[in-house]
Amino acid sequence: MNNGLNLKEISKQIKASGKSGSLIWSREQEQHFITNRHFLLRVDEVPYEVLIALFSVFLKVPEKGETLNCYAGKIQDNEKQKPISFEKIYTPDKQTEKGEVTPFIKELGEKMQARVIQFPGNFTYINEQFMKMTNDKEPVSTKGPMTPIYFADRNLILLPYRVHETKDDAALVSLMGNTLE
């Protein structure tokens, strides 16, 4: 682990996204932003293990102010792309809710599993494969129901599944032996 991040799992997600999905690597000033549109990672210095995975997809490192795009294994023409700024997503917000990663997994269909995260007043579901990118002992926060979840001191953002069933809330509250407040 590296500051709450599992570099091996991050590298695995980067390689998978570069082969069959969408992958964006943007460099703003001193920070790198890496996303597949379901997760967003922010680092000042790209760890060696992650850099190898990124280089295997893009075959280069972006210059400051440059954004590299890959879609379905094909590098997109950067000349036609406007630089993408992710910094506004990280603007400190005084209204963030603190949450707790639970040990519970919800089956969402064929081979889809979601980790349950409890926030005051609700539960949120995060793709279990993406949860492996972080240490589930780290504090988590969000701005509210169905908004991105911040991990690893706000350096990793995961989008929750847009699933909410009130029957799940009652069952989870019962299992955890407390109430939603």
# chains A, B, ... in the order shown; residues from 1 in each chain; ligands from 1

$ select_by_dssp --residues "range 1-97 of chain A" --states "strand (DSSP E or B)" --output "VMD selection string"
chain A and resid 2 5 22 to 28 31 to 35 39 to 43 67 to 71 74 to 75 97

$ write_last_selection --atoms "N, CA and C atoms" --output "PDB file, in the first residue's frame"
ATOM      1  N   ASN A   2       0.400   2.294  -0.598  1.00  0.00           N
ATOM      2  CA  ASN A   2       1.106   3.553  -0.690  1.00  0.00           C
ATOM      3  C   ASN A   2       0.133   4.665  -0.332  1.00  0.00           C
ATOM      4  N   LEU A   5      -3.284   3.554  -0.957  1.00  0.00           N
ATOM      5  CA  LEU A   5      -3.523   3.101  -2.324  1.00  0.00           C
ATOM      6  C   LEU A   5      -2.847   1.754  -2.557  1.00  0.00           C
ATOM      7  N   SER A  22     -12.066   3.168 -21.485  1.00  0.00           N
ATOM      8  CA  SER A  22     -11.615   4.534 -21.681  1.00  0.00           C
ATOM      9  C   SER A  22     -10.574   4.842 -20.617  1.00  0.00           C
ATOM     10  N   LEU A  23      -9.503   5.527 -20.997  1.00  0.00           N
ATOM     11  CA  LEU A  23      -8.476   5.906 -20.041  1.00  0.00           C
ATOM     12  C   LEU A  23      -7.966   7.295 -20.402  1.00  0.00           C
ATOM     13  N   ILE A  24      -7.872   8.151 -19.403  1.00  0.00           N
ATOM     14  CA  ILE A  24      -7.384   9.515 -19.590  1.00  0.00           C
ATOM     15  C   ILE A  24      -6.270   9.752 -18.580  1.00  0.00           C
ATOM     16  N   TRP A  25      -5.163  10.321 -19.059  1.00  0.00           N
ATOM     17  CA  TRP A  25      -4.036  10.683 -18.194  1.00  0.00           C
ATOM     18  C   TRP A  25      -3.736  12.139 -18.468  1.00  0.00           C
ATOM     19  N   SER A  26      -3.985  12.984 -17.485  1.00  0.00           N
ATOM     20  CA  SER A  26      -3.802  14.417 -17.630  1.00  0.00           C
ATOM     21  C   SER A  26      -2.753  14.895 -16.638  1.00  0.00           C
ATOM     22  N   ARG A  27      -1.949  15.829 -17.078  1.00  0.00           N
ATOM     23  CA  ARG A  27      -0.907  16.386 -16.204  1.00  0.00           C
ATOM     24  C   ARG A  27      -1.103  17.894 -16.111  1.00  0.00           C
ATOM     25  N   GLU A  28      -1.414  18.341 -14.907  1.00  0.00           N
ATOM     26  CA  GLU A  28      -1.587  19.767 -14.651  1.00  0.00           C
ATOM     27  C   GLU A  28      -0.505  20.200 -13.676  1.00  0.00           C
ATOM     28  N   GLN A  31       0.729  17.941 -10.767  1.00  0.00           N
ATOM     29  CA  GLN A  31      -0.108  16.787 -10.452  1.00  0.00           C
ATOM     30  C   GLN A  31      -0.513  16.024 -11.710  1.00  0.00           C
ATOM     31  N   HIS A  32      -0.677  14.705 -11.515  1.00  0.00           N
ATOM     32  CA  HIS A  32      -1.162  13.814 -12.568  1.00  0.00           C
ATOM     33  C   HIS A  32      -2.563  13.354 -12.167  1.00  0.00           C
ATOM     34  N   PHE A  33      -3.462  13.293 -13.147  1.00  0.00           N
ATOM     35  CA  PHE A  33      -4.814  12.792 -12.935  1.00  0.00           C
ATOM     36  C   PHE A  33      -5.029  11.641 -13.906  1.00  0.00           C
ATOM     37  N   ILE A  34      -5.492  10.510 -13.376  1.00  0.00           N
ATOM     38  CA  ILE A  34      -5.689   9.311 -14.174  1.00  0.00           C
ATOM     39  C   ILE A  34      -7.117   8.840 -13.925  1.00  0.00           C
ATOM     40  N   THR A  35      -7.865   8.629 -15.003  1.00  0.00           N
ATOM     41  CA  THR A  35      -9.262   8.225 -14.830  1.00  0.00           C
ATOM     42  C   THR A  35      -9.721   7.289 -15.949  1.00  0.00           C
ATOM     43  N   PHE A  39     -13.266   5.832 -11.920  1.00  0.00           N
ATOM     44  CA  PHE A  39     -12.355   6.204 -10.841  1.00  0.00           C
ATOM     45  C   PHE A  39     -11.509   7.369 -11.313  1.00  0.00           C
ATOM     46  N   LEU A  40     -11.009   8.147 -10.360  1.00  0.00           N
ATOM     47  CA  LEU A  40     -10.100   9.246 -10.657  1.00  0.00           C
ATOM     48  C   LEU A  40      -9.011   9.243  -9.599  1.00  0.00           C
ATOM     49  N   LEU A  41      -7.775   9.145 -10.047  1.00  0.00           N
ATOM     50  CA  LEU A  41      -6.617   9.111  -9.164  1.00  0.00           C
ATOM     51  C   LEU A  41      -5.823  10.393  -9.359  1.00  0.00           C
ATOM     52  N   ARG A  42      -5.416  10.999  -8.236  1.00  0.00           N
ATOM     53  CA  ARG A  42      -4.581  12.201  -8.270  1.00  0.00           C
ATOM     54  C   ARG A  42      -3.280  11.903  -7.534  1.00  0.00           C
ATOM     55  N   VAL A  43      -2.142  12.130  -8.194  1.00  0.00           N
ATOM     56  CA  VAL A  43      -0.840  11.933  -7.559  1.00  0.00           C
ATOM     57  C   VAL A  43       0.102  13.058  -7.991  1.00  0.00           C
ATOM     58  N   THR A  67      -3.073  16.298 -22.017  1.00  0.00           N
ATOM     59  CA  THR A  67      -3.971  15.203 -21.668  1.00  0.00           C
ATOM     60  C   THR A  67      -3.860  14.127 -22.735  1.00  0.00           C
ATOM     61  N   LEU A  68      -3.648  12.883 -22.294  1.00  0.00           N
ATOM     62  CA  LEU A  68      -3.597  11.743 -23.203  1.00  0.00           C
ATOM     63  C   LEU A  68      -4.889  10.953 -23.056  1.00  0.00           C
ATOM     64  N   ASN A  69      -5.467  10.528 -24.174  1.00  0.00           N
ATOM     65  CA  ASN A  69      -6.721   9.787 -24.174  1.00  0.00           C
ATOM     66  C   ASN A  69      -6.571   8.467 -24.909  1.00  0.00           C
ATOM     67  N   CYS A  70      -7.181   7.433 -24.356  1.00  0.00           N
ATOM     68  CA  CYS A  70      -7.221   6.134 -25.005  1.00  0.00           C
ATOM     69  C   CYS A  70      -8.664   5.625 -24.911  1.00  0.00           C
ATOM     70  N   TYR A  71      -9.179   5.164 -26.034  1.00  0.00           N
ATOM     71  CA  TYR A  71     -10.526   4.607 -26.026  1.00  0.00           C
ATOM     72  C   TYR A  71     -10.499   3.280 -26.769  1.00  0.00           C
ATOM     73  N   LYS A  74      -7.235   2.329 -28.429  1.00  0.00           N
ATOM     74  CA  LYS A  74      -6.691   3.206 -29.464  1.00  0.00           C
ATOM     75  C   LYS A  74      -6.410   4.588 -28.875  1.00  0.00           C
ATOM     76  N   ILE A  75      -5.199   5.071 -29.091  1.00  0.00           N
ATOM     77  CA  ILE A  75      -4.804   6.394 -28.627  1.00  0.00           C
ATOM     78  C   ILE A  75      -5.522   7.435 -29.489  1.00  0.00           C
ATOM     79  N   GLU A  97     -19.514  14.569   4.132  1.00  0.00           N
ATOM     80  CA  GLU A  97     -19.957  13.596   5.130  1.00  0.00           C
ATOM     81  C   GLU A  97     -18.892  12.519   5.247  1.00  0.00           C
TER      82      GLU A  97
END

$ select_by_dssp --residues "chain A" --states "alpha helix (DSSP H)" --output "PyMOL selection string"
chain A and resi 7-20+48-58+128-131+166-176

$ residues_around --residues "Ile157 in chain A" --least-positions-apart "2" --cutoff "7 Å" --atoms "only C-alpha atoms" --output "MDAnalysis selection string"
chainID A and resid 39:41 148:151 154:155 159

$ write_last_selection --atoms "N, CA, C and O atoms" --output "short mmCIF file (atom, residue, chain, number, x, y, z; two decimals), in the first residue's frame"
data_model
loop_
_atom_site.label_atom_id
_atom_site.label_comp_id
_atom_site.auth_asym_id
_atom_site.auth_seq_id
_atom_site.Cartn_x
_atom_site.Cartn_y
_atom_site.Cartn_z
N PHE A 39 -13.27 5.83 -11.92
CA PHE A 39 -12.36 6.20 -10.84
C PHE A 39 -11.51 7.37 -11.31
O PHE A 39 -11.33 7.60 -12.52
N LEU A 40 -11.01 8.15 -10.36
CA LEU A 40 -10.10 9.25 -10.66
C LEU A 40 -9.01 9.24 -9.60
O LEU A 40 -9.30 9.30 -8.40
N LEU A 41 -7.77 9.15 -10.05
CA LEU A 41 -6.62 9.11 -9.16
C LEU A 41 -5.82 10.39 -9.36
O LEU A 41 -5.58 10.80 -10.49
N PRO A 148 -19.68 11.37 -5.85
CA PRO A 148 -18.42 10.60 -5.76
C PRO A 148 -17.96 10.39 -4.32
O PRO A 148 -18.20 11.23 -3.45
N ILE A 149 -17.26 9.28 -4.11
CA ILE A 149 -16.73 8.93 -2.80
C ILE A 149 -15.22 9.16 -2.84
O ILE A 149 -14.54 8.69 -3.75
N TYR A 150 -14.71 9.88 -1.84
CA TYR A 150 -13.28 10.21 -1.76
C TYR A 150 -12.58 9.23 -0.82
O TYR A 150 -13.03 9.01 0.29
N PHE A 151 -11.44 8.70 -1.28
CA PHE A 151 -10.61 7.76 -0.51
C PHE A 151 -9.18 8.30 -0.46
O PHE A 151 -8.82 9.19 -1.23
N ARG A 154 -8.46 11.92 -0.11
CA ARG A 154 -9.06 12.59 -1.28
C ARG A 154 -8.23 12.45 -2.55
O ARG A 154 -8.42 13.21 -3.50
N ASN A 155 -7.33 11.48 -2.61
CA ASN A 155 -6.52 11.29 -3.81
C ASN A 155 -7.08 10.24 -4.75
O ASN A 155 -6.61 10.10 -5.87
N LEU A 159 -16.80 6.45 -8.26
CA LEU A 159 -18.22 6.73 -8.45
C LEU A 159 -19.04 5.57 -7.90
O LEU A 159 -18.72 4.41 -8.15
#

$ closest_residue --among "A:Gln29, A:Gln129, A:Thr96, A:Asn36" --to "Lys64 in chain A" --atoms "only C-alpha atoms"
A:Gln29

$ atom_distance --atom1 "CA of Leu7 in chain A" --atom2 "CA of Val101 in chain A"
19.5 Å

$ atom_distance --atom1 "CA of Lys60 in chain A" --atom2 "CA of Pro47 in chain A"
15.1 Å

$ residues_around --residues "Phe104 in chain A" --least-positions-apart "3" --cutoff "9 Å" --atoms "only C-alpha atoms" --output "ChimeraX atom specification"
/A:101,114-117,172

$ closest_residue --among "A:Phe119, A:Gly99, A:His38, A:Gly21" --to "Pro160 in chain A" --atoms "only C-alpha atoms"
A:His38

$ residues_around --residues "range 13-15 of chain A" --least-positions-apart "3" --cutoff "9 Å" --atoms "only C-alpha atoms" --output "number ranges by chain"
A: 8-10, 18-20, 23, 34-36, 50, 53-54, 56-57, 129-130, 133

$ atom_distance --atom1 "CA of Lys98 in chain A" --atom2 "CA of Val140 in chain A"
5.9 Å
